[in-house]
$ cat target02.cif   # mmCIF, C-alpha atoms
data_input
loop_
_atom_site.label_atom_id
_atom_site.label_comp_id
_atom_site.auth_asym_id
_atom_site.auth_seq_id
_atom_site.Cartn_x
_atom_site.Cartn_y
_atom_site.Cartn_z
CA MET A 1 -8.20 -19.63 -30.42
CA TYR A 2 -11.13 -18.36 -28.41
CA GLY A 3 -12.31 -20.84 -25.80
CA ALA A 4 -15.59 -21.25 -23.99
CA ARG A 5 -16.64 -18.85 -21.24
CA HIS A 6 -16.13 -20.28 -17.76
CA LYS A 7 -17.34 -18.27 -14.76
CA ARG A 8 -17.49 -15.20 -17.00
CA GLU A 9 -13.90 -15.78 -18.00
CA LEU A 10 -12.89 -15.71 -21.64
CA SER A 11 -10.07 -18.16 -22.19
CA PHE A 12 -7.69 -17.11 -24.92
CA GLU A 13 -4.63 -18.71 -26.38
CA SER A 14 -1.51 -17.24 -24.79
CA LEU A 15 -0.06 -14.45 -26.83
CA ALA A 16 3.43 -15.04 -25.48
CA GLN A 17 4.32 -16.95 -28.63
CA ILE A 18 4.03 -14.39 -31.42
CA PRO A 19 4.15 -16.18 -34.78
CA ILE A 20 6.16 -15.15 -37.81
CA LEU A 21 4.00 -14.72 -40.91
CA ARG A 22 5.29 -16.73 -43.88
CA PRO A 23 3.64 -16.02 -47.26
CA SER A 24 3.98 -18.68 -49.94
CA ILE A 25 6.85 -18.53 -52.43
CA HIS A 26 4.34 -17.80 -55.21
CA ALA A 27 2.86 -14.88 -53.24
CA ARG A 28 6.32 -13.47 -52.54
CA ARG A 29 7.38 -13.66 -56.19
CA ALA A 30 4.18 -12.10 -57.55
CA ASN A 31 3.75 -9.66 -54.65
CA LEU A 32 0.14 -10.83 -54.41
CA THR A 33 -2.39 -9.81 -51.81
CA VAL A 34 -2.34 -12.33 -48.98
CA LYS A 35 -4.74 -12.94 -46.10
CA PHE A 36 -3.66 -13.81 -42.59
CA GLN A 37 -4.88 -13.57 -38.99
CA ASP A 38 -3.40 -11.01 -36.65
CA LEU A 39 -2.72 -11.64 -32.96
CA TYR A 40 -6.35 -10.98 -32.02
CA GLY A 41 -7.98 -13.16 -34.66
CA PHE A 42 -8.84 -10.51 -37.25
CA THR A 43 -8.35 -11.36 -40.91
CA VAL A 44 -5.95 -8.91 -42.51
CA GLU A 45 -5.31 -8.39 -46.20
CA GLY A 46 -2.02 -7.00 -47.42
CA ASN A 47 0.82 -7.51 -49.84
CA VAL A 48 4.12 -9.13 -49.02
CA ASP A 49 5.60 -5.75 -48.06
CA ASP A 50 2.86 -5.41 -45.44
CA VAL A 51 3.69 -8.88 -44.14
CA ASN A 52 7.36 -7.92 -43.86
CA VAL A 53 6.40 -4.82 -41.87
CA LEU A 54 4.23 -6.90 -39.55
CA ASN A 55 7.04 -9.39 -38.97
CA GLU A 56 9.41 -6.55 -38.09
CA VAL A 57 6.80 -5.14 -35.71
CA ARG A 58 6.33 -8.52 -34.07
CA GLU A 59 10.06 -8.85 -33.55
CA LYS A 60 9.99 -5.46 -31.81
CA VAL A 61 7.11 -6.71 -29.66
CA ARG A 62 9.22 -9.69 -28.59
CA GLN A 63 12.15 -7.41 -27.77
CA GLN A 64 9.88 -5.04 -25.85
CA GLY A 65 8.48 -8.00 -23.94
CA ARG A 66 11.98 -8.88 -22.75
CA VAL A 67 12.43 -5.29 -21.54
CA TRP A 68 9.18 -5.43 -19.52
CA TRP A 69 10.06 -8.81 -18.01
CA SER A 70 13.47 -7.44 -17.06
CA MET A 71 11.83 -4.46 -15.36
CA GLU A 72 9.52 -6.78 -13.43
CA ALA A 73 12.47 -8.93 -12.38
CA ASN A 74 14.49 -5.92 -11.19
CA LYS A 75 11.79 -3.67 -9.72
CA GLY A 76 9.02 -6.10 -8.79
CA ALA A 77 5.88 -7.35 -10.54
CA ASN A 78 3.88 -4.15 -10.02
CA TRP A 79 6.69 -1.61 -10.21
CA TYR A 80 4.59 0.67 -12.46
CA LEU A 81 2.10 1.20 -9.62
CA HIS A 82 4.62 3.02 -7.43
CA LYS A 83 3.33 6.48 -6.59
CA SER A 84 4.39 9.15 -9.02
CA VAL A 85 5.56 12.57 -7.90
CA SER A 86 2.84 15.16 -7.33
CA GLU A 87 2.83 18.66 -5.96
CA GLY A 88 2.99 18.88 -2.21
CA GLN A 89 4.39 15.40 -1.68
CA SER A 90 6.57 15.24 1.41
CA LEU A 91 9.03 12.69 0.08
CA LYS A 92 12.73 12.69 0.51
CA ALA A 93 14.72 13.84 -2.50
CA SER A 94 15.92 10.33 -3.23
CA LEU A 95 12.38 8.96 -3.22
CA LYS A 96 11.17 11.82 -5.39
CA PHE A 97 13.90 11.12 -7.88
CA SER A 98 13.06 7.41 -7.85
CA ALA A 99 9.36 8.08 -8.45
CA LEU A 100 10.14 10.56 -11.22
CA ALA A 101 12.54 8.11 -12.85
CA ASN A 102 9.84 5.43 -12.69
CA ALA A 103 7.29 7.78 -14.29
CA ILE A 104 9.64 8.74 -17.13
CA THR A 105 10.63 5.13 -17.71
CA LEU A 106 7.00 4.00 -17.68
CA LYS A 107 5.87 6.67 -20.15
CA ARG A 108 8.66 5.74 -22.53
CA LEU A 109 7.94 2.02 -22.21
CA ILE A 110 4.21 2.44 -22.78
CA ARG A 111 4.78 4.49 -25.92
CA LYS A 112 6.95 1.66 -27.21
CA GLY A 113 4.15 -0.80 -26.48
CA ILE A 114 2.92 -3.03 -23.68
CA PRO A 115 3.52 -6.73 -24.42
CA PRO A 116 0.18 -8.43 -25.27
CA VAL A 117 0.47 -10.91 -22.41
CA LEU A 118 0.92 -8.07 -19.87
CA ARG A 119 -1.59 -5.69 -21.46
CA PRO A 120 -4.67 -6.75 -19.43
CA LYS A 121 -2.91 -6.34 -16.09
CA VAL A 122 -1.19 -3.06 -16.96
CA TRP A 123 -4.28 -1.49 -18.50
CA PHE A 124 -6.49 -2.47 -15.60
CA SER A 125 -4.09 -1.01 -13.05
CA LEU A 126 -2.93 2.18 -14.75
CA SER A 127 -6.25 3.26 -16.29
CA GLY A 128 -7.99 3.48 -12.93
CA ALA A 129 -10.31 0.56 -13.67
CA ALA A 130 -9.03 -1.45 -10.68
CA LYS A 131 -9.62 1.51 -8.37
CA LYS A 132 -13.11 2.08 -9.78
CA LYS A 133 -13.99 -1.60 -9.32
CA SER A 134 -12.74 -1.50 -5.72
CA THR A 135 -15.39 1.10 -4.77
CA VAL A 136 -18.29 -1.35 -5.21
CA PRO A 137 -19.04 -4.86 -3.91
CA ASP A 138 -17.20 -7.71 -5.64
CA SER A 139 -20.49 -9.05 -6.98
CA TYR A 140 -21.46 -5.73 -8.64
CA TYR A 141 -21.13 -6.89 -12.26
CA ASN A 142 -22.80 -10.29 -11.72
CA ASP A 143 -25.59 -8.73 -9.66
CA LEU A 144 -26.28 -6.09 -12.29
CA THR A 145 -26.14 -8.70 -15.07
CA ILE A 146 -28.83 -10.73 -13.30
CA ALA A 147 -30.91 -7.66 -12.43
CA VAL A 148 -31.15 -6.42 -16.04
CA GLU A 149 -31.61 -9.79 -17.72
CA GLY A 150 -34.71 -9.80 -19.91
CA LYS A 151 -35.30 -6.06 -19.67
CA VAL A 152 -35.96 -4.28 -22.95
CA THR A 153 -35.08 -0.64 -23.58
CA PRO A 154 -34.25 1.44 -26.67
CA ALA A 155 -30.59 0.81 -25.79
CA THR A 156 -30.94 -2.99 -25.64
CA ARG A 157 -32.85 -3.00 -28.95
CA GLN A 158 -30.08 -1.01 -30.64
CA ILE A 159 -27.42 -3.28 -29.10
CA ASP A 160 -29.20 -6.36 -30.46
CA HIS A 161 -29.34 -4.71 -33.87
CA ASP A 162 -25.61 -3.93 -33.83
CA LEU A 163 -24.24 -7.23 -32.51
CA PRO A 164 -24.11 -9.05 -35.90
CA ARG A 165 -22.49 -5.99 -37.49
CA THR A 166 -19.64 -5.85 -34.96
CA PHE A 167 -16.50 -7.23 -36.61
CA PRO A 168 -18.39 -9.80 -38.75
CA GLY A 169 -16.34 -12.88 -39.57
CA HIS A 170 -14.21 -12.73 -36.44
CA PRO A 171 -13.69 -16.32 -35.20
CA TRP A 172 -14.93 -15.58 -31.68
CA LEU A 173 -16.78 -12.25 -31.68
CA ASP A 174 -19.02 -13.35 -34.55
CA THR A 175 -20.34 -16.42 -32.73
CA PRO A 176 -23.29 -16.90 -30.36
CA GLU A 177 -20.86 -16.98 -27.44
CA GLY A 178 -19.10 -13.81 -28.58
CA HIS A 179 -22.37 -12.00 -29.22
CA ALA A 180 -23.67 -13.00 -25.78
CA ALA A 181 -20.56 -11.76 -23.97
CA LEU A 182 -20.53 -8.47 -25.87
CA ARG A 183 -24.25 -8.00 -25.28
CA ARG A 184 -23.88 -8.48 -21.53
CA VAL A 185 -21.09 -5.92 -21.26
CA LEU A 186 -22.97 -3.32 -23.32
CA VAL A 187 -26.37 -3.89 -21.72
CA VAL A 188 -25.01 -3.81 -18.17
CA TYR A 189 -23.20 -0.55 -18.87
CA SER A 190 -26.32 0.96 -20.46
CA PHE A 191 -28.10 0.45 -17.13
CA ARG A 192 -25.11 1.69 -15.11
CA ASP A 193 -25.11 5.02 -16.96
CA SER A 194 -28.55 5.93 -18.30
CA ASP A 195 -27.24 9.26 -19.68
CA VAL A 196 -25.03 7.35 -22.10
CA GLY A 197 -27.18 4.24 -22.37
CA TYR A 198 -25.77 2.91 -25.61
CA CYS A 199 -24.27 4.72 -28.57
CA GLN A 200 -23.20 3.15 -31.85
CA GLY A 201 -19.44 2.89 -31.81
CA LEU A 202 -19.29 1.51 -28.29
CA ASN A 203 -19.92 -1.97 -29.70
CA TYR A 204 -16.54 -1.89 -31.47
CA VAL A 205 -14.74 -0.49 -28.44
CA ALA A 206 -16.25 -3.06 -26.06
CA ALA A 207 -15.57 -5.90 -28.51
CA LEU A 208 -11.87 -5.08 -28.67
CA LEU A 209 -11.75 -4.74 -24.88
CA LEU A 210 -13.22 -8.24 -24.59
CA LEU A 211 -10.44 -9.62 -26.81
CA VAL A 212 -7.73 -8.03 -24.69
CA MET A 213 -9.00 -8.46 -21.14
CA LYS A 214 -9.24 -11.80 -19.39
CA THR A 215 -12.87 -11.55 -18.28
CA GLU A 216 -16.14 -9.90 -19.22
CA GLU A 217 -16.09 -8.14 -15.89
CA ASP A 218 -12.67 -6.59 -16.52
CA ALA A 219 -13.80 -5.52 -20.00
CA PHE A 220 -16.84 -3.87 -18.39
CA TRP A 221 -14.70 -1.91 -15.92
CA MET A 222 -12.32 -0.85 -18.68
CA LEU A 223 -15.32 0.46 -20.63
CA ALA A 224 -16.53 2.26 -17.50
CA VAL A 225 -13.22 4.00 -16.80
CA LEU A 226 -12.89 4.90 -20.46
CA LEU A 227 -16.27 6.62 -20.63
CA GLU A 228 -16.27 8.09 -17.13
CA ASN A 229 -12.66 9.17 -16.68
CA VAL A 230 -10.47 8.94 -19.78
CA LEU A 231 -12.65 10.49 -22.49
CA VAL A 232 -14.53 13.78 -22.55
CA ASN A 233 -17.96 13.94 -20.94
CA ASP A 234 -21.00 13.78 -23.25
CA CYS A 235 -19.03 12.08 -26.02
CA TYR A 236 -21.56 9.24 -26.25
CA THR A 237 -24.79 10.90 -25.06
CA ASN A 238 -27.89 11.07 -27.28
CA ASN A 239 -26.94 14.27 -29.08
CA LEU A 240 -23.19 13.40 -29.20
CA SER A 241 -22.44 16.95 -28.04
CA GLY A 242 -19.03 15.97 -26.68
CA CYS A 243 -18.09 14.32 -29.96
CA HIS A 244 -19.15 17.43 -31.90
CA VAL A 245 -16.98 19.55 -29.62
CA GLU A 246 -14.02 17.22 -30.16
CA GLN A 247 -14.42 17.54 -33.94
CA ARG A 248 -14.28 21.33 -33.76
CA VAL A 249 -11.26 21.21 -31.45
CA PHE A 250 -9.55 18.78 -33.82
CA LYS A 251 -10.24 21.08 -36.77
CA ASP A 252 -8.60 23.96 -34.86
CA PHE A 253 -5.55 21.83 -34.05
CA LEU A 254 -5.28 20.70 -37.67
CA ALA A 255 -5.24 24.34 -38.81
CA LYS A 256 -2.49 25.08 -36.29
CA MET A 257 -0.31 21.97 -36.70
CA CYS A 258 -0.85 21.28 -40.43
CA PRO A 259 -1.88 24.67 -41.86
CA ARG A 260 -1.22 23.83 -45.53
CA VAL A 261 -3.32 20.67 -45.39
CA ALA A 262 -6.10 22.42 -43.46
CA ALA A 263 -6.23 25.29 -45.97
CA HIS A 264 -6.27 22.90 -48.93
CA LEU A 265 -9.04 20.76 -47.45
CA GLU A 266 -11.09 23.87 -46.69
CA ALA A 267 -10.70 24.95 -50.32
CA LEU A 268 -12.07 21.53 -51.34
CA GLU A 269 -14.92 22.02 -48.84
CA PHE A 270 -13.83 18.85 -47.09
CA ASP A 271 -15.13 18.51 -43.54
CA VAL A 272 -12.63 16.57 -41.42
CA SER A 273 -15.51 15.14 -39.38
CA LEU A 274 -16.29 12.92 -42.40
CA VAL A 275 -13.43 10.69 -41.28
CA ALA A 276 -12.57 11.87 -37.78
CA THR A 277 -16.00 11.24 -36.25
CA GLU A 278 -15.56 7.49 -36.68
CA TRP A 279 -11.96 7.72 -35.42
CA PHE A 280 -13.06 9.42 -32.20
CA LEU A 281 -16.26 7.43 -31.56
CA CYS A 282 -14.68 4.03 -32.25
CA LEU A 283 -11.23 5.04 -30.92
CA PHE A 284 -9.68 3.94 -34.24
CA SER A 285 -10.89 0.34 -33.73
CA LYS A 286 -12.71 0.34 -37.09
CA SER A 287 -9.97 2.19 -38.95
CA LEU A 288 -6.53 0.97 -37.87
CA PRO A 289 -5.33 -2.66 -37.79
CA SER A 290 -6.08 -4.12 -34.36
CA GLU A 291 -2.45 -4.42 -33.29
CA THR A 292 -1.89 -0.74 -34.14
CA THR A 293 -5.15 0.30 -32.45
CA LEU A 294 -4.10 -1.40 -29.22
CA ARG A 295 -0.75 0.37 -29.27
CA VAL A 296 -2.70 3.64 -29.44
CA TRP A 297 -4.89 2.44 -26.56
CA ASP A 298 -1.77 1.59 -24.52
CA VAL A 299 -0.95 5.30 -24.51
CA LEU A 300 -4.59 6.44 -24.30
CA PHE A 301 -5.22 4.62 -21.03
CA TYR A 302 -2.09 6.13 -19.48
CA GLU A 303 -1.89 9.65 -20.94
CA GLY A 304 -5.54 10.42 -21.56
CA ALA A 305 -7.77 11.74 -24.35
CA LYS A 306 -5.11 14.08 -25.79
CA VAL A 307 -3.67 10.95 -27.45
CA MET A 308 -6.67 10.86 -29.80
CA PHE A 309 -5.75 14.29 -31.16
CA HIS A 310 -2.07 13.40 -31.51
CA VAL A 311 -2.84 10.25 -33.50
CA ALA A 312 -5.52 11.83 -35.69
CA LEU A 313 -3.19 14.72 -36.54
CA ALA A 314 -0.37 12.27 -37.28
CA ILE A 315 -2.47 10.49 -39.92
CA PHE A 316 -3.01 13.77 -41.77
CA LYS A 317 0.65 14.72 -41.30
CA MET A 318 1.92 11.42 -42.71
CA LYS A 319 -0.04 11.93 -45.93
CA GLU A 320 0.42 15.69 -46.20
CA GLN A 321 2.04 15.69 -49.66
CA GLU A 322 -0.54 13.32 -51.16
CA LEU A 323 -3.43 15.27 -49.67
CA LEU A 324 -2.11 18.54 -51.11
CA LEU A 325 -2.37 17.02 -54.61
CA THR A 326 -6.04 16.05 -54.30
CA HIS A 327 -8.80 17.78 -56.24
CA HIS A 328 -11.91 16.03 -54.94
CA VAL A 329 -13.36 15.16 -51.55
CA GLY A 330 -13.55 11.50 -52.57
CA ASP A 331 -9.81 11.42 -53.21
CA VAL A 332 -9.13 12.73 -49.69
CA ILE A 333 -11.34 10.05 -48.15
CA ASN A 334 -9.72 7.29 -50.23
CA ILE A 335 -6.21 8.35 -49.20
CA LEU A 336 -7.08 8.51 -45.51
CA GLN A 337 -8.96 5.20 -45.51
CA LYS A 338 -6.21 3.38 -47.40
CA THR A 339 -3.60 4.86 -45.07
CA THR A 340 -5.36 3.85 -41.86
CA HIS A 341 -6.23 0.34 -43.05
CA HIS A 342 -2.58 -0.36 -43.91
CA LEU A 343 -0.88 1.28 -40.93
CA PHE A 344 0.67 -1.96 -39.75
CA ASP A 345 3.66 -0.24 -38.12
CA PRO A 346 2.45 1.45 -34.93
CA ASP A 347 5.93 2.84 -34.22
CA GLU A 348 5.80 4.86 -37.44
CA LEU A 349 2.42 6.32 -36.47
CA LEU A 350 3.30 7.04 -32.84
CA THR A 351 6.66 8.57 -33.73
CA VAL A 352 4.89 11.12 -35.92
CA ALA A 353 2.17 11.60 -33.30
CA PHE A 354 4.54 12.47 -30.47
CA ASP A 355 7.74 13.67 -32.15
CA GLN A 356 6.52 15.57 -35.22
CA ILE A 357 3.23 17.00 -33.98
CA GLY A 358 3.55 20.04 -31.76
CA SER A 359 3.03 19.46 -28.06
CA PHE A 360 -0.22 20.47 -26.38
CA THR A 361 -1.41 19.82 -22.86
CA THR A 362 -4.68 18.58 -21.43
CA ASN A 363 -5.30 22.13 -20.18
CA THR A 364 -4.91 23.47 -23.73
CA ILE A 365 -7.48 20.96 -24.97
CA SER A 366 -9.85 21.84 -22.12
CA LYS A 367 -9.67 25.54 -23.01
CA GLN A 368 -10.39 24.76 -26.66
CA ARG A 369 -13.36 22.61 -25.64
CA LYS A 370 -14.83 25.41 -23.51
CA LYS A 371 -14.33 27.79 -26.41
CA GLN A 372 -16.23 25.52 -28.83
CA GLU A 373 -19.01 24.30 -26.53
CA PRO A 374 -21.37 27.33 -26.89
CA ALA A 375 -21.35 27.17 -30.69
CA VAL A 376 -21.93 23.40 -30.66
CA MET A 377 -24.82 23.62 -28.19
CA LYS A 378 -26.39 26.46 -30.20
CA GLU A 379 -26.10 24.40 -33.39
CA LEU A 380 -27.62 21.34 -31.70
CA ASP A 381 -30.50 23.42 -30.30
CA GLN A 382 -31.18 24.82 -33.78
CA ARG A 383 -31.17 21.30 -35.17
CA VAL A 384 -33.73 20.19 -32.57
CA GLN A 385 -35.91 23.21 -33.38
CA ARG A 386 -35.79 22.39 -37.11
CA LEU A 387 -36.73 18.76 -36.43
CA ASN A 388 -39.63 19.85 -34.20
CA SER A 389 -40.84 22.26 -36.91
CA LEU A 390 -40.76 19.47 -39.49
CA LYS A 391 -42.73 17.18 -37.20
CA LEU A 392 -45.36 19.91 -36.70
CA GLU A 393 -45.63 20.39 -40.46
CA GLU A 394 -46.01 16.63 -40.98
CA ASN A 395 -48.72 16.47 -38.33
CA ASN A 396 -50.56 19.39 -39.93
CA ILE A 397 -50.62 17.86 -43.43
CA PRO A 398 -53.20 15.11 -42.63
CA SER A 399 -55.55 17.63 -40.99
CA GLN A 400 -55.25 19.94 -43.99
CA ASN A 401 -56.01 17.02 -46.34
CA ALA A 402 -59.05 16.16 -44.24
CA GLU A 403 -60.32 19.73 -44.51
CA CYS A 404 -59.86 19.63 -48.29
CA HIS A 405 -61.89 16.39 -48.53
CA SER A 406 -64.66 17.77 -46.34
CA THR A 407 -65.21 20.87 -48.48
#

$ encode --input "target02.cif" --output "structure tokens"
Amino acid sequence: MYGARHKRELSFESLAQIPILRPSIHARRANLTVKFQDLYGFTVEGNVDDVNVLNEVREKVRQQGRVWWSMEANKGANWYLHKSVSEGQSLKASLKFSALANAITLKRLIRKGIPPVLRPKVWFSLSGAAKKKSTVPDSYYNDLTIAVEGKVTPATRQIDHDLPRTFPGHPWLDTPEGHAALRRVLVVYSFRDSDVGYCQGLNYVAALLLLVMKTEEDAFWMLAVLLENVLVNDCYTNNLSGCHVEQRVFKDFLAKMCPRVAAHLEALEFDVSLVATEWFLCLFSKSLPSETTLRVWDVLFYEGAKVMFHVALAIFKMKEQELLLTHHVGDVINILQKTTHHLFDPDELLTVAFDQIGSFTTNTISKQRKKQEPAVMKELDQRVQRLNSLKLEENNIPSQNAECHST
């Protein structure tokens, strides 16, 4: 399925033909666990009911594909790039209405899913990656790849350590060619942004971007726009301060949107960051099935980081009744992990995320972040002071032992 790299291009089998999964008669009768490959080459385990859900989802994908192709035929290949309405625009009323109609249509279509074959082009255009790439010379990625080749830094050492652990068993990612492509993307970005460098979690994000985009270079620019424009600043820096802030904001939203669950989990002394940290750092790529993750990313690249909160809250909301019956922290973790690993129907998840979770704006999230930042920074400073104190104590122990031996 995953061909050789040619001029930094990753050749993939066309996803236009979306196969129907057909478990054996024996598996259907016994409702056994079956293994199969999803559209992006990942091995998935599920029962026959899961397979039926996936087949229904794939039929919806085909139908949605026909809608997108119809839009392209009627409005033009890049209709979604038409300028949207903004304050102060001096457009005629008819043009304003047309732009607004396009924006509403596009938002609705994206939430229903971008067809896999169109996903690279739509992501690259709407996320801002194409614009970001246009600000530098065409040879930027290749030049930087050559310039950093052979250089060793703490970031490159950590990347090399993480490569074999990134989606092991995948038919392309877990090969020398896959490792090399992923390494180049991660290493080049670590030199582009020394403040971020490399943070564990980015390997999963970049790997999935490589599977979706047509080239390494496009995957690199998608990673760049994600870290520099879509997500909160400092999310992947050394102290993960941005991620800690996001966790506190998420906890506040959970208390507001799902108060019974939040109160119950607090009584169990369950910290939501036990599960949500991985969700936010890996953007659900390690938790949700790949086809569901990419549906979340469809919306993320268009609507921004608030999507992460909507989806995370939806997972808790979907399992509210089960979570209220738990008595141990381990039970909570098991329910949430089982739920995410078997969320094969992205429409179910996104319907809850946007129709059943209360609405909140990017400004609301920004205010919550500013509110939480001082406490997070104080906590991180205290942690650094404790670590420094421990190091001083460790350094003093040998000298004290030497004094004891000398007396």

$ resolve_selection --input "target02.cif" --expression "the PyMOL selection byres ((chain A and resi 376) around 12)" --output "list in words"
Asn239, Leu240, Ser241, Gly242, Cys243, His244, Val245, Glu246, Gln247, Arg248, Val249, Arg369, Lys370, Lys371, Gln372, Glu373, Pro374, Ala375, Met377, Lys378, Glu379, Leu380, Asp381, Gln382 and Arg383 of chain A

$ write_last_selection --input "target02.cif" --atoms "C-alpha atoms" --output "PDB file, keeping the file's coordinate frame"
ATOM      1  CA  ASN A 239     -26.940  14.270 -29.080  1.00  0.00           C
ATOM      2  CA  LEU A 240     -23.190  13.400 -29.200  1.00  0.00           C
ATOM      3  CA  SER A 241     -22.440  16.950 -28.040  1.00  0.00           C
ATOM      4  CA  GLY A 242     -19.030  15.970 -26.680  1.00  0.00           C
ATOM      5  CA  CYS A 243     -18.090  14.320 -29.960  1.00  0.00           C
ATOM      6  CA  HIS A 244     -19.150  17.430 -31.900  1.00  0.00           C
ATOM      7  CA  VAL A 245     -16.980  19.550 -29.620  1.00  0.00           C
ATOM      8  CA  GLU A 246     -14.020  17.220 -30.160  1.00  0.00           C
ATOM      9  CA  GLN A 247     -14.420  17.540 -33.940  1.00  0.00           C
ATOM     10  CA  ARG A 248     -14.280  21.330 -33.760  1.00  0.00           C
ATOM     11  CA  VAL A 249     -11.260  21.210 -31.450  1.00  0.00           C
ATOM     12  CA  ARG A 369     -13.360  22.610 -25.640  1.00  0.00           C
ATOM     13  CA  LYS A 370     -14.830  25.410 -23.510  1.00  0.00           C
ATOM     14  CA  LYS A 371     -14.330  27.790 -26.410  1.00  0.00           C
ATOM     15  CA  GLN A 372     -16.230  25.520 -28.830  1.00  0.00           C
ATOM     16  CA  GLU A 373     -19.010  24.300 -26.530  1.00  0.00           C
ATOM     17  CA  PRO A 374     -21.370  27.330 -26.890  1.00  0.00           C
ATOM     18  CA  ALA A 375     -21.350  27.170 -30.690  1.00  0.00           C
ATOM     19  CA  MET A 377     -24.820  23.620 -28.190  1.00  0.00           C
ATOM     20  CA  LYS A 378     -26.390  26.460 -30.200  1.00  0.00           C
ATOM     21  CA  GLU A 379     -26.100  24.400 -33.390  1.00  0.00           C
ATOM     22  CA  LEU A 380     -27.620  21.340 -31.700  1.00  0.00           C
ATOM     23  CA  ASP A 381     -30.500  23.420 -30.300  1.00  0.00           C
ATOM     24  CA  GLN A 382     -31.180  24.820 -33.780  1.00  0.00           C
ATOM     25  CA  ARG A 383     -31.170  21.300 -35.170  1.00  0.00           C
TER      26      ARG A 383
END

$ closest_residue --input "target02.cif" --among "A:Pro116, A:Gly76, A:Pro346, A:Gly330" --to "Leu288 in chain A" --atoms "all atoms listed in the file"
A:Pro346

$ resolve_selection --input "target02.cif" --expression "the PyMOL selection byres ((chain A and resi 357) around 8)" --output "JSON list (two decimals) with C-alpha atoms, in the coordinates of the input"
[["chain", "number", "residue", "atom", "x", "y", "z"],
["A", 257, "MET", "CA", -0.31, 21.97, -36.70],
["A", 310, "HIS", "CA", -2.07, 13.40, -31.51],
["A", 313, "LEU", "CA", -3.19, 14.72, -36.54],
["A", 314, "ALA", "CA", -0.37, 12.27, -37.28],
["A", 352, "VAL", "CA", 4.89, 11.12, -35.92],
["A", 353, "ALA", "CA", 2.17, 11.60, -33.30],
["A", 354, "PHE", "CA", 4.54, 12.47, -30.47],
["A", 355, "ASP", "CA", 7.74, 13.67, -32.15],
["A", 356, "GLN", "CA", 6.52, 15.57, -35.22],
["A", 358, "GLY", "CA", 3.55, 20.04, -31.76],
["A", 359, "SER", "CA", 3.03, 19.46, -28.06]]

$ closest_residue --input "target02.cif" --among "A:Asp252, A:Glu320, A:Asp193, A:Glu291" --to "His264 in chain A" --atoms "only C-alpha atoms"
A:Glu320

$ resolve_selection --input "target02.cif" --expression "the PyMOL selection byres ((chain A and resi 133-143) around 9)" --output "PyMOL selection string"
chain A and resi 8+128-132+144-148+188+217-218+220-221

$ closest_residue --input "target02.cif" --among "A:Thr351, A:Ser287, A:Gln200, A:Asn52" --to "Val275 in chain A" --atoms "only C-alpha atoms"
A:Ser287

$ closest_residue --input "target02.cif" --among "A:Cys282, A:Leu163, A:Ala180, A:Ala267" --to "Tyr236 in chain A" --atoms "all atoms listed in the file"
A:Cys282
